[in-house]
Structures are given as C-alpha cells and as structure tokens.
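Colleague: Please read through the structure below; I'll follow up with questions.
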There are 2 protein chains.
Amino acid sequence: MTSRKPDARAEALADQLHSAAIHLLRTLRKEDDASGLSAPRLSALSVVVFGGPLTLGQLATAEQVKPPTMTRIVTGLAKEGLVQRIGDSRDRRLTRIRATAKGRRVLATGRARRVERLAGAVRRLGSAELAELKRGVQVLGEVVDSMRNRNTP
Amino acid sequence: MTSRKPDARAEALADQLHSAAIHLLRTLRKEDDASGLSAPRLSALSVVVFGGPLTLGQLATAEQVKPPTMTRIVTGLAKEGLVQRIGDSRDRRLTRIRATAKGRRVLATGRARRVERLAGAVRRLGSAELAELKRGVQVLGEVVDSMRNRNTP
DNA sequence: GGATTATCGTTAGCTTAGCTAACGATATCC
DNA sequence: GGATATCGTTAGCTAAGCTAACGATAATCC
C-alpha cells in the first residue's frame, strides 16, 4: 500500500522517525541518573575523547550548540574532573578542551550504561531485523548530515 | 569487517543510533523558533489531538514524564489556547485535556514545519535508500517499544 | 607602531523541561 | 464518618538552550 505521492510517503516516514527519536531519547534519559552524565555531557565528552583536544568553539560547532551553552557543559565536565581547559600559548584567546584519564574511564562506563540499555533491546532482534536496522541507521546518519549542511531545504 | 561477537555489533549499532538521534533532534529544534512549539509541547499536543481527551495523568504516562512536568507543558499549551482543561463531573479530581480547534490547526502547521525539515532530507534519498530507511524506522519503533516495557534489560 | 577591527570565550539573564517533596481536594474503604 | 488513597498543582531545585554584552587577545590598516 505505497502511496502514489512520494511526498506523502516521505512525510509519513519523517513523522514516524521524529516520534521514535523523541521517545528513544526520553527512555534513555532514565539511565542518566545512574551514570551521573546527561545526554549533552555524554555526547560532548565523547567528542572530546575521540576527537582529541578541541577548542571550545570547535566543540560547540561539532555539537551544534552555541558557545555559551558549551561553556557551561564544559564547566560541568571540568568540575567533575572529566575534562581540562588548556590555554593555547600561541593564541591566548583559545581554550583547548582535553579529556582526562578519569574522563575516558567514565565515558567508557557511563556511555556504556546508556548505550547498553539500547544495545540490550537491539540484541533481542533477529538477525534479519538487525541487518535492517543497521542499514536504516546508516541512512539516517546520511540524512542528519545532509540536514546540517542546508539552511532551508 | 563484521566483528565476531554479535554483542559488539549490537553495541556499535546502538552507539551510532544514539548519536544520530541526538543530532537529529538537535537539528530539528531549530525549527521551533518559527513554529513557536518546542518538541515536548508538539509531542504532547499531538497525543491530545489524535488520542482524544485524556486526563493529565494519562498524558504524562503516554509522554513518559512525571505529572508536574506535564502540568507545566499543559499550562503552556493552554496559555496559547491550543488546549483546554475540562473538569470531570463524576470524579472531580480529574482534569481532562482536550485540543481546541486552534490546537488542531497549529499542530497541522507547526508539526509540519519540524517534520517537513526532516521530510525534505528524506526526499533527497534514492528510492533504495528510502526503502531501507523505512524498514529501519519500523524496526526502531519496535526497539523503542520493547525498551519501554522492560525495567532493566 | 599605534589605533581600529575582528575573534574567542565568558558572564549575565531569560525560557523551558525535567525531577522530588509537600499539599489540598476529592473518592473510596471499613 | 474517619482513615486512606489518588489526582493534580505548587514550590523549589538542576540542567540545557538562547541572545546580548564584555574583556582579552589577535590581526589589520593606515
């Protein structure tokens, strides 16, 4: 029962995806109590850990957030010793953000807790569904990227 | 390069999905300025519009949120005339939430704006990728449902 | 080389969303 | 009819997002 208009199909799909993403993250947030790391902090820490030292501005851009917001996220992470601010000696306006050993360690466990909750559900899938989800997530990644690079589509 | 352990595969997939969902919603939030409706309000309004009149508690449960949070969301929606609180004459502890005509109208356009942004990106996909995304979203829906019904997997 | 302009991060101040704890009003139960 | 339970709200906290304004530093331009 595919609709004649591809527009309507795309819209229905977008609607389902939108709703699923909202509920997914809402469910996952419940794991945050245990880990002590909210989604934005977890996400930023992850970028810092895997992306090496970054300036605050780069980090804000990567996380699609304005600098003041990132300042507070970093302050929160620094207060818990997960991240360090390092001044650049060549350009002293810059602040580079680096993960500490504790940061790496906490990411490994904290992120895991959130992701594990999801992974648990993923593991319950049959291998056919798993493959389908995998492809879907790949396409989703492309979709998200393509949106980031367009102002008004 | 599929790993030998299915566990690792599921985990990597969960990680990608987690990240994609975060960035998707963050990108979509930018549409909220135009519509004047944030994601939580949009989502709640949608439930009220399509799910008929609900009590506040039912709505909170549906949205996986605590009653005080829903009280404020509803208050915000009511203040803009999108929703009405209606007392139950049989059990006067209850407050039923009903969408107004304006609420239905605004949902149609406001939700569309957010979803349209996403739909625009979806439309740019080839038909093969579109089909893959569709299947993936279906599976994702099942995954999210299965998580909601399990405390600790 | 010194003034102007641009960039970077922070601070201040606002809104919204989430939570728990405590409360008042109403139903229900013995 | 008095104890108990349920429902929604209020109060008060934290965190995330934003814009506007600022201070410090670089870069540019006479």
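Quick note on naming: the chains in the structure tokens go A, B, ... in the order shown, residues restart at 1 in each chain, and ligands are numbered from 1 in order of appearance.
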Which RMSD value, in Å, follows from superposing chain B onto chain A on all C-alpha atoms in order by least squares?
Modeller: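 Across all paired C-alpha atoms, the RMSD is 0.3 Å.
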Colleague: So that I can check the surroundings of DT5 in chain C, please list as a list of chain:residue names every protein, DNA and RNA residue that reaches within 12 Å of it, counting only C-alpha atoms (C1' of nucleotides) and ignoring chain neighbours fewer than 2 positions away.
Modeller: C:DA3, C:DT7, D:DA26, D:DA27, D:DT28, D:DC29
Colleague: Please dump the current selection as a PDB file, in the first residue's frame; keep C-alpha atoms (C1' of nucleotides).
Modeller:
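out17.pdb, freshly written:
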```
ATOM      1  C1'  DA C   3      44.553  52.716  16.533  1.00  0.00           C
ATOM      2  C1'  DT C   7      37.563  36.810  17.127  1.00  0.00           C
TER       3       DT C   7
ATOM      4  C1'  DA D  26      44.967  38.877  17.501  1.00  0.00           C
ATOM      5  C1'  DA D  27      45.001  40.766  13.169  1.00  0.00           C
ATOM      6  C1'  DT D  28      44.657  44.640  10.095  1.00  0.00           C
ATOM      7  C1'  DC D  29      45.297  49.008   8.397  1.00  0.00           C
TER       8       DC D  29
END
```
Colleague: When you look at range 48-51 of chain B with a cut-off of 12 Å (counting only C-alpha atoms (C1' of nucleotides)), what residues show up, excluding the ones that are within fewer than 3 positions of it in the same chain? I need them as a ChimeraX atom specification.
Modeller: /B:41-45,54-56,58-60,62-63,74,77,82-85,96-108,111
Colleague: Mind dumping the selected residues with N, CA and C atoms as an mmCIF file, in the first residue's frame?
Modeller:
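Here's the written file selection15.cif:
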```cif
data_model
loop_
_atom_site.group_PDB
_atom_site.id
_atom_site.type_symbol
_atom_site.label_atom_id
_atom_site.label_comp_id
_atom_site.auth_asym_id
_atom_site.auth_seq_id
_atom_site.Cartn_x
_atom_site.Cartn_y
_atom_site.Cartn_z
ATOM 1 N N ARG B 41 6.136 20.092 23.698
ATOM 2 C CA ARG B 41 4.774 20.593 23.522
ATOM 3 C C ARG B 41 4.138 20.020 22.272
ATOM 4 N N LEU B 42 4.929 19.983 21.219
ATOM 5 C CA LEU B 42 4.441 19.434 19.964
ATOM 6 C C LEU B 42 4.008 17.988 20.167
ATOM 7 N N SER B 43 4.841 17.248 20.867
ATOM 8 C CA SER B 43 4.572 15.829 21.070
ATOM 9 C C SER B 43 3.319 15.633 21.915
ATOM 10 N N ALA B 44 3.206 16.422 22.982
ATOM 11 C CA ALA B 44 2.032 16.299 23.845
ATOM 12 C C ALA B 44 0.763 16.711 23.100
ATOM 13 N N LEU B 45 0.861 17.801 22.377
ATOM 14 C CA LEU B 45 -0.308 18.271 21.619
ATOM 15 C C LEU B 45 -0.756 17.208 20.625
ATOM 16 N N LEU B 54 -7.813 13.306 27.224
ATOM 17 C CA LEU B 54 -7.100 12.433 28.159
ATOM 18 C C LEU B 54 -6.995 13.144 29.493
ATOM 19 N N THR B 55 -6.860 12.381 30.547
ATOM 20 C CA THR B 55 -6.553 13.032 31.813
ATOM 21 C C THR B 55 -5.089 13.422 31.802
ATOM 22 N N LEU B 56 -4.763 14.345 32.702
ATOM 23 C CA LEU B 56 -3.381 14.799 32.751
ATOM 24 C C LEU B 56 -2.436 13.643 33.068
ATOM 25 N N GLN B 58 -2.836 10.439 32.417
ATOM 26 C CA GLN B 58 -2.677 9.573 31.249
ATOM 27 C C GLN B 58 -1.711 10.184 30.250
ATOM 28 N N LEU B 59 -1.841 11.475 30.104
ATOM 29 C CA LEU B 59 -0.974 12.173 29.167
ATOM 30 C C LEU B 59 0.482 12.105 29.629
ATOM 31 N N ALA B 60 0.674 12.290 30.919
ATOM 32 C CA ALA B 60 2.037 12.205 31.466
ATOM 33 C C ALA B 60 2.622 10.817 31.219
ATOM 34 N N ALA B 62 1.718 8.675 28.899
ATOM 35 C CA ALA B 62 1.930 8.489 27.465
ATOM 36 C C ALA B 62 3.233 9.147 27.025
ATOM 37 N N GLU B 63 3.524 10.279 27.615
ATOM 38 C CA GLU B 63 4.727 11.001 27.232
ATOM 39 C C GLU B 63 5.922 10.625 28.090
ATOM 40 N N VAL B 74 1.127 21.422 29.795
ATOM 41 C CA VAL B 74 -0.274 21.710 29.506
ATOM 42 C C VAL B 74 -0.587 23.174 29.786
ATOM 43 N N LEU B 77 0.569 25.118 26.892
ATOM 44 C CA LEU B 77 -0.310 24.935 25.740
ATOM 45 C C LEU B 77 -1.638 25.659 25.944
ATOM 46 N N LEU B 82 -4.244 26.383 22.857
ATOM 47 C CA LEU B 82 -4.174 25.209 21.988
ATOM 48 C C LEU B 82 -4.903 24.029 22.605
ATOM 49 N N VAL B 83 -5.187 24.156 23.899
ATOM 50 C CA VAL B 83 -5.683 23.031 24.666
ATOM 51 C C VAL B 83 -6.574 23.576 25.777
ATOM 52 N N GLN B 84 -7.516 22.768 26.220
ATOM 53 C CA GLN B 84 -8.413 23.182 27.300
ATOM 54 C C GLN B 84 -8.397 22.178 28.432
ATOM 55 N N ARG B 85 -8.484 22.674 29.649
ATOM 56 C CA ARG B 85 -8.677 21.789 30.796
ATOM 57 C C ARG B 85 -10.161 21.669 31.064
ATOM 58 N N ARG B 96 -9.417 16.674 32.470
ATOM 59 C CA ARG B 96 -9.260 16.148 31.112
ATOM 60 C C ARG B 96 -8.712 17.238 30.213
ATOM 61 N N ILE B 97 -7.845 16.815 29.324
ATOM 62 C CA ILE B 97 -7.200 17.766 28.421
ATOM 63 C C ILE B 97 -7.755 17.539 27.029
ATOM 64 N N ARG B 98 -8.222 18.620 26.447
ATOM 65 C CA ARG B 98 -8.788 18.498 25.109
ATOM 66 C C ARG B 98 -8.180 19.539 24.193
ATOM 67 N N ALA B 99 -7.963 19.165 22.964
ATOM 68 C CA ALA B 99 -7.404 20.105 21.991
ATOM 69 C C ALA B 99 -8.489 21.061 21.520
ATOM 70 N N THR B 100 -8.107 22.303 21.335
ATOM 71 C CA THR B 100 -9.040 23.261 20.738
ATOM 72 C C THR B 100 -8.897 23.216 19.223
ATOM 73 N N ALA B 101 -9.776 23.930 18.548
ATOM 74 C CA ALA B 101 -9.680 23.997 17.092
ATOM 75 C C ALA B 101 -8.340 24.615 16.697
ATOM 76 N N LYS B 102 -7.973 25.656 17.422
ATOM 77 C CA LYS B 102 -6.688 26.286 17.148
ATOM 78 C C LYS B 102 -5.551 25.294 17.352
ATOM 79 N N GLY B 103 -5.677 24.487 18.403
ATOM 80 C CA GLY B 103 -4.650 23.478 18.668
ATOM 81 C C GLY B 103 -4.485 22.533 17.487
ATOM 82 N N ARG B 104 -5.603 22.083 16.965
ATOM 83 C CA ARG B 104 -5.527 21.174 15.810
ATOM 84 C C ARG B 104 -4.906 21.875 14.608
ATOM 85 N N ARG B 105 -5.287 23.115 14.439
ATOM 86 C CA ARG B 105 -4.764 23.853 13.295
ATOM 87 C C ARG B 105 -3.258 24.087 13.432
ATOM 88 N N VAL B 106 -2.856 24.537 14.626
ATOM 89 C CA VAL B 106 -1.443 24.821 14.840
ATOM 90 C C VAL B 106 -0.609 23.547 14.751
ATOM 91 N N LEU B 107 -1.162 22.463 15.230
ATOM 92 C CA LEU B 107 -0.422 21.210 15.130
ATOM 93 C C LEU B 107 -0.138 20.878 13.676
ATOM 94 N N ALA B 108 -1.166 21.059 12.878
ATOM 95 C CA ALA B 108 -1.030 20.705 11.471
ATOM 96 C C ALA B 108 0.101 21.493 10.816
ATOM 97 N N ARG B 111 3.759 21.176 13.521
ATOM 98 C CA ARG B 111 4.405 19.889 13.431
ATOM 99 C C ARG B 111 4.984 19.711 12.038
#
```
Colleague: Could you write out as a list in words the residues of chain A within 8 Å of chain C, counting only C-alpha atoms (C1' of nucleotides)?
Modeller: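 Applying the cut-off to the listed atoms yields Leu56, Gly57, Pro67, Pro68, Thr71, Arg93, Leu94 and Thr95 of chain A.
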Colleague: Would you output that residue set with C-alpha atoms, as a PDB file, in the first residue's frame?
Modeller:
```
ATOM      1  CA  LEU A  56      35.619  25.310  22.841  1.00  0.00           C
ATOM      2  CA  GLY A  57      34.289  26.841  19.664  1.00  0.00           C
ATOM      3  CA  PRO A  67      29.364  28.827  22.638  1.00  0.00           C
ATOM      4  CA  PRO A  68      27.723  29.890  25.916  1.00  0.00           C
ATOM      5  CA  THR A  71      30.934  26.813  28.123  1.00  0.00           C
ATOM      6  CA  ARG A  93      42.086  33.656  23.220  1.00  0.00           C
ATOM      7  CA  LEU A  94      41.692  29.951  22.666  1.00  0.00           C
ATOM      8  CA  THR A  95      40.804  27.361  25.231  1.00  0.00           C
TER       9      THR A  95
END
```
Colleague: Go through chain B residue by residue and, counting only C-alpha atoms, keep those with an atom at most 8 Å from chain A; for each kept residue give the shortest atom pair and its distance in Å to one decimal, ordered by chain and increasing number, as a Markdown table.
Modeller:
```
| residue | atom | partner | partner_atom | distance |
| --- | --- | --- | --- | --- |
| B:Pro6 | CA | A:Arg123 | CA | 7.9 |
| B:Asp7 | CA | A:Arg123 | CA | 7.2 |
| B:Ala10 | CA | A:Ala119 | CA | 5.5 |
| B:Glu11 | CA | A:Ala119 | CA | 5.1 |
| B:Leu13 | CA | A:Lys134 | CA | 6.6 |
| B:Ala14 | CA | A:Ala119 | CA | 5.2 |
| B:Asp15 | CA | A:Val115 | CA | 5.9 |
| B:Gln16 | CA | A:Val137 | CA | 7.3 |
| B:Leu17 | CA | A:Val137 | CA | 6.1 |
| B:His18 | CA | A:Val115 | CA | 7.1 |
| B:Ser19 | CA | A:Ser43 | CA | 7.5 |
| B:Ala20 | CA | A:Gly141 | CA | 5.9 |
| B:Ala21 | CA | A:Ala21 | CA | 5.5 |
| B:Ile22 | CA | A:Leu25 | CA | 7.5 |
| B:His23 | CA | A:Val144 | CA | 7.1 |
| B:Leu24 | CA | A:Val144 | CA | 5.7 |
| B:Leu25 | CA | A:Ala21 | CA | 7.3 |
| B:Arg26 | CA | A:Gln64 | CA | 7.2 |
| B:Thr27 | CA | A:Arg148 | CA | 6.9 |
| B:Ser43 | CA | A:Ser19 | CA | 7.7 |
| B:Glu63 | CA | A:His23 | CA | 7.9 |
| B:Gln64 | CA | A:Arg26 | CA | 7.3 |
| B:Val115 | CA | A:Asp15 | CA | 5.8 |
| B:Glu116 | CA | A:Glu11 | CA | 6.8 |
| B:Arg117 | CA | A:Pro153 | CA | 6.8 |
| B:Leu118 | CA | A:Ala14 | CA | 5.8 |
| B:Ala119 | CA | A:Glu11 | CA | 5.1 |
| B:Gly120 | CA | A:Pro153 | CA | 6.1 |
| B:Ala121 | CA | A:Val143 | CA | 5.9 |
| B:Val122 | CA | A:Ala10 | CA | 6.0 |
| B:Arg123 | CA | A:Ala10 | CA | 6.0 |
| B:Glu129 | CA | A:Val139 | CA | 6.6 |
| B:Glu132 | CA | A:Gly136 | CA | 5.4 |
| B:Leu133 | CA | A:Gly136 | CA | 4.4 |
| B:Lys134 | CA | A:Leu13 | CA | 6.6 |
| B:Arg135 | CA | A:Glu132 | CA | 6.3 |
| B:Gly136 | CA | A:Gly136 | CA | 4.1 |
| B:Val137 | CA | A:Leu17 | CA | 6.1 |
| B:Val139 | CA | A:Leu133 | CA | 6.1 |
| B:Leu140 | CA | A:Leu133 | CA | 6.8 |
| B:Gly141 | CA | A:Ala20 | CA | 5.9 |
| B:Val143 | CA | A:Ala121 | CA | 5.8 |
| B:Val144 | CA | A:Leu24 | CA | 5.7 |
| B:Ser146 | CA | A:Ala121 | CA | 6.7 |
| B:Met147 | CA | A:Ala121 | CA | 6.2 |
| B:Arg148 | CA | A:Thr27 | CA | 6.9 |
| B:Thr152 | CA | A:Arg117 | CA | 7.7 |
| B:Pro153 | CA | A:Gly120 | CA | 6.1 |
```
Colleague: Let me see the file: selected residues, N, CA and C atoms, as a CSV table (one decimal), in the first residue's frame.
Modeller:
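Wrote it out as selection_30.csv, contents follow:
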```csv
chain,number,residue,atom,x,y,z
B,6,PRO,N,28.5,-10.9,18.3
B,6,PRO,CA,27.3,-10.1,18.0
B,6,PRO,C,27.1,-9.0,19.0
B,7,ASP,N,27.6,-9.2,20.2
B,7,ASP,CA,27.4,-8.2,21.3
B,7,ASP,C,28.1,-6.9,20.8
B,10,ALA,N,26.0,-5.2,18.1
B,10,ALA,CA,24.8,-4.5,18.7
B,10,ALA,C,25.2,-3.2,19.4
B,11,GLU,N,26.3,-3.3,20.1
B,11,GLU,CA,26.7,-2.1,20.8
B,11,GLU,C,27.2,-1.0,19.9
B,13,LEU,N,26.2,-0.5,16.9
B,13,LEU,CA,25.0,0.0,16.3
B,13,LEU,C,24.2,0.9,17.2
B,14,ALA,N,24.1,0.4,18.5
B,14,ALA,CA,23.3,1.2,19.5
B,14,ALA,C,24.0,2.6,19.6
B,15,ASP,N,25.3,2.6,19.6
B,15,ASP,CA,26.1,3.8,19.8
B,15,ASP,C,25.8,4.8,18.6
B,16,GLN,N,25.8,4.3,17.4
B,16,GLN,CA,25.5,5.1,16.3
B,16,GLN,C,24.1,5.7,16.3
B,17,LEU,N,23.2,4.8,16.7
B,17,LEU,CA,21.8,5.2,16.7
B,17,LEU,C,21.6,6.3,17.8
B,18,HIS,N,22.2,6.1,18.9
B,18,HIS,CA,22.1,7.0,20.0
B,18,HIS,C,22.6,8.4,19.5
B,19,SER,N,23.7,8.4,18.9
B,19,SER,CA,24.3,9.6,18.4
B,19,SER,C,23.5,10.3,17.4
B,20,ALA,N,23.0,9.5,16.4
B,20,ALA,CA,22.2,10.0,15.3
B,20,ALA,C,20.9,10.7,15.9
B,21,ALA,N,20.3,10.0,16.9
B,21,ALA,CA,19.1,10.5,17.4
B,21,ALA,C,19.3,11.9,18.1
B,22,ILE,N,20.4,12.0,18.8
B,22,ILE,CA,20.7,13.2,19.5
B,22,ILE,C,20.9,14.4,18.5
B,23,HIS,N,21.7,14.1,17.5
B,23,HIS,CA,21.9,15.2,16.5
B,23,HIS,C,20.7,15.5,15.6
B,24,LEU,N,19.9,14.5,15.4
B,24,LEU,CA,18.7,14.7,14.6
B,24,LEU,C,17.8,15.7,15.4
B,25,LEU,N,17.5,15.4,16.6
B,25,LEU,CA,16.6,16.3,17.4
B,25,LEU,C,17.2,17.6,17.6
B,26,ARG,N,18.5,17.7,17.7
B,26,ARG,CA,19.1,19.0,17.9
B,26,ARG,C,19.0,19.9,16.7
B,27,THR,N,19.1,19.2,15.6
B,27,THR,CA,19.0,20.0,14.3
B,27,THR,C,17.5,20.4,14.1
B,43,SER,N,4.8,17.2,20.9
B,43,SER,CA,4.6,15.8,21.1
B,43,SER,C,3.3,15.6,21.9
B,63,GLU,N,3.5,10.3,27.6
B,63,GLU,CA,4.7,11.0,27.2
B,63,GLU,C,5.9,10.6,28.1
B,64,GLN,N,5.7,9.7,29.0
B,64,GLN,CA,6.8,9.2,29.8
B,64,GLN,C,7.5,10.3,30.6
B,115,VAL,N,8.6,18.5,10.9
B,115,VAL,CA,8.7,17.2,10.1
B,115,VAL,C,9.1,17.5,8.7
B,116,GLU,N,8.6,18.6,8.2
B,116,GLU,CA,9.0,19.0,6.8
B,116,GLU,C,10.5,19.1,6.6
B,117,ARG,N,11.1,19.7,7.6
B,117,ARG,CA,12.5,19.8,7.5
B,117,ARG,C,13.2,18.5,7.3
B,118,LEU,N,12.7,17.5,8.1
B,118,LEU,CA,13.2,16.2,8.0
B,118,LEU,C,12.8,15.5,6.7
B,119,ALA,N,11.5,15.7,6.4
B,119,ALA,CA,11.0,15.1,5.2
B,119,ALA,C,11.8,15.6,3.9
B,120,GLY,N,12.2,16.9,4.0
B,120,GLY,CA,12.9,17.4,2.9
B,120,GLY,C,14.2,16.6,2.6
B,121,ALA,N,14.9,16.3,3.7
B,121,ALA,CA,16.1,15.5,3.6
B,121,ALA,C,15.8,14.1,3.2
B,122,VAL,N,14.7,13.6,3.7
B,122,VAL,CA,14.3,12.2,3.3
B,122,VAL,C,14.0,12.1,1.8
B,123,ARG,N,13.4,13.2,1.3
B,123,ARG,CA,13.0,13.2,-0.2
B,123,ARG,C,14.3,13.1,-1.1
B,129,GLU,N,17.5,3.7,-0.9
B,129,GLU,CA,17.8,4.2,0.5
B,129,GLU,C,16.5,4.5,1.3
B,132,GLU,N,15.2,1.4,2.6
B,132,GLU,CA,16.0,0.9,3.7
B,132,GLU,C,15.7,1.7,5.0
B,133,LEU,N,15.6,3.0,4.8
B,133,LEU,CA,15.3,3.8,6.0
B,133,LEU,C,13.9,3.5,6.6
B,134,LYS,N,13.0,3.2,5.7
B,134,LYS,CA,11.6,2.9,6.1
B,134,LYS,C,11.6,1.6,7.0
B,135,ARG,N,12.3,0.6,6.5
B,135,ARG,CA,12.4,-0.6,7.3
B,135,ARG,C,13.1,-0.4,8.6
B,136,GLY,N,14.1,0.4,8.5
B,136,GLY,CA,14.9,0.7,9.7
B,136,GLY,C,14.1,1.4,10.8
B,137,VAL,N,13.3,2.3,10.3
B,137,VAL,CA,12.5,3.1,11.3
B,137,VAL,C,11.4,2.2,11.9
B,139,VAL,N,11.8,-1.0,12.5
B,139,VAL,CA,12.5,-1.8,13.5
B,139,VAL,C,12.8,-1.0,14.7
B,140,LEU,N,13.2,0.3,14.4
B,140,LEU,CA,13.5,1.2,15.5
B,140,LEU,C,12.2,1.4,16.4
B,141,GLY,N,11.1,1.5,15.8
B,141,GLY,CA,9.9,1.6,16.6
B,141,GLY,C,9.7,0.4,17.5
B,143,VAL,N,12.0,-1.5,18.7
B,143,VAL,CA,13.0,-1.5,19.7
B,143,VAL,C,12.6,-0.5,20.8
B,144,VAL,N,12.2,0.6,20.4
B,144,VAL,CA,11.8,1.6,21.5
B,144,VAL,C,10.6,1.1,22.3
B,146,SER,N,9.9,-2.0,22.9
B,146,SER,CA,10.4,-3.1,23.8
B,146,SER,C,11.2,-2.6,25.0
B,147,MET,N,11.8,-1.4,24.8
B,147,MET,CA,12.5,-0.9,25.9
B,147,MET,C,11.6,-0.3,27.0
B,148,ARG,N,10.5,0.3,26.5
B,148,ARG,CA,9.6,0.9,27.4
B,148,ARG,C,8.9,-0.1,28.4
B,152,THR,N,14.9,-3.3,33.6
B,152,THR,CA,16.3,-3.4,33.4
B,152,THR,C,16.5,-4.6,32.5
B,153,PRO,N,16.9,-4.4,31.3
B,153,PRO,CA,17.0,-5.5,30.3
B,153,PRO,C,18.1,-6.5,30.7
```
Colleague: Using only C-alpha atoms (C1' of nucleotides), determine which residues of chain D fall within 8 Å of chain B; present them as a PyMOL selection string.
Modeller: chain D and resi 7-9
Colleague: Convert the current residue selection to file output with N, CA and C atoms (P, O5', C5', C4', C3', O3' and C1' of nucleotides), as an mmCIF file, in the first residue's frame.
Modeller:
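Ended up saving to result-v7.cif:
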```cif
data_model
loop_
_atom_site.group_PDB
_atom_site.id
_atom_site.type_symbol
_atom_site.label_atom_id
_atom_site.label_comp_id
_atom_site.auth_asym_id
_atom_site.auth_seq_id
_atom_site.Cartn_x
_atom_site.Cartn_y
_atom_site.Cartn_z
ATOM 1 P P DC D 7 -5.018 7.998 40.234
ATOM 2 O "O5'" DC D 7 -5.141 9.580 40.076
ATOM 3 C "C5'" DC D 7 -6.437 10.164 40.013
ATOM 4 C "C4'" DC D 7 -6.296 11.665 40.084
ATOM 5 C "C3'" DC D 7 -5.200 12.216 39.175
ATOM 6 O "O3'" DC D 7 -5.813 13.017 38.184
ATOM 7 C "C1'" DC D 7 -5.106 13.163 41.371
ATOM 8 P P DG D 8 -4.959 13.571 36.967
ATOM 9 O "O5'" DG D 8 -4.512 14.996 37.513
ATOM 10 C "C5'" DG D 8 -5.525 16.000 37.629
ATOM 11 C "C4'" DG D 8 -5.007 17.172 38.426
ATOM 12 C "C3'" DG D 8 -3.887 17.954 37.750
ATOM 13 O "O3'" DG D 8 -4.342 19.293 37.588
ATOM 14 C "C1'" DG D 8 -3.358 17.472 40.030
ATOM 15 P P DT D 9 -3.384 20.382 36.918
ATOM 16 O "O5'" DT D 9 -2.738 21.099 38.193
ATOM 17 C "C5'" DT D 9 -3.622 21.600 39.192
ATOM 18 C "C4'" DT D 9 -2.823 22.159 40.360
ATOM 19 C "C3'" DT D 9 -1.721 23.144 39.967
ATOM 20 O "O3'" DT D 9 -1.985 24.347 40.674
ATOM 21 C "C1'" DT D 9 -0.899 21.513 41.489
#
```
Colleague: Taking the DSSP secondary structure from the backbone, can you list the residues of chain A that are strand (DSSP E), as number ranges by chain?
Modeller: A: 54-55, 83-87, 95-99
Colleague: May I ask for the distance between CA of Ser89 in chain A and CA of Ile73 in chain A, given in Å to one decimal place?
Modeller: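 Result for CA of Ser89 in chain A versus CA of Ile73 in chain A: 23.6 Å, one decimal.
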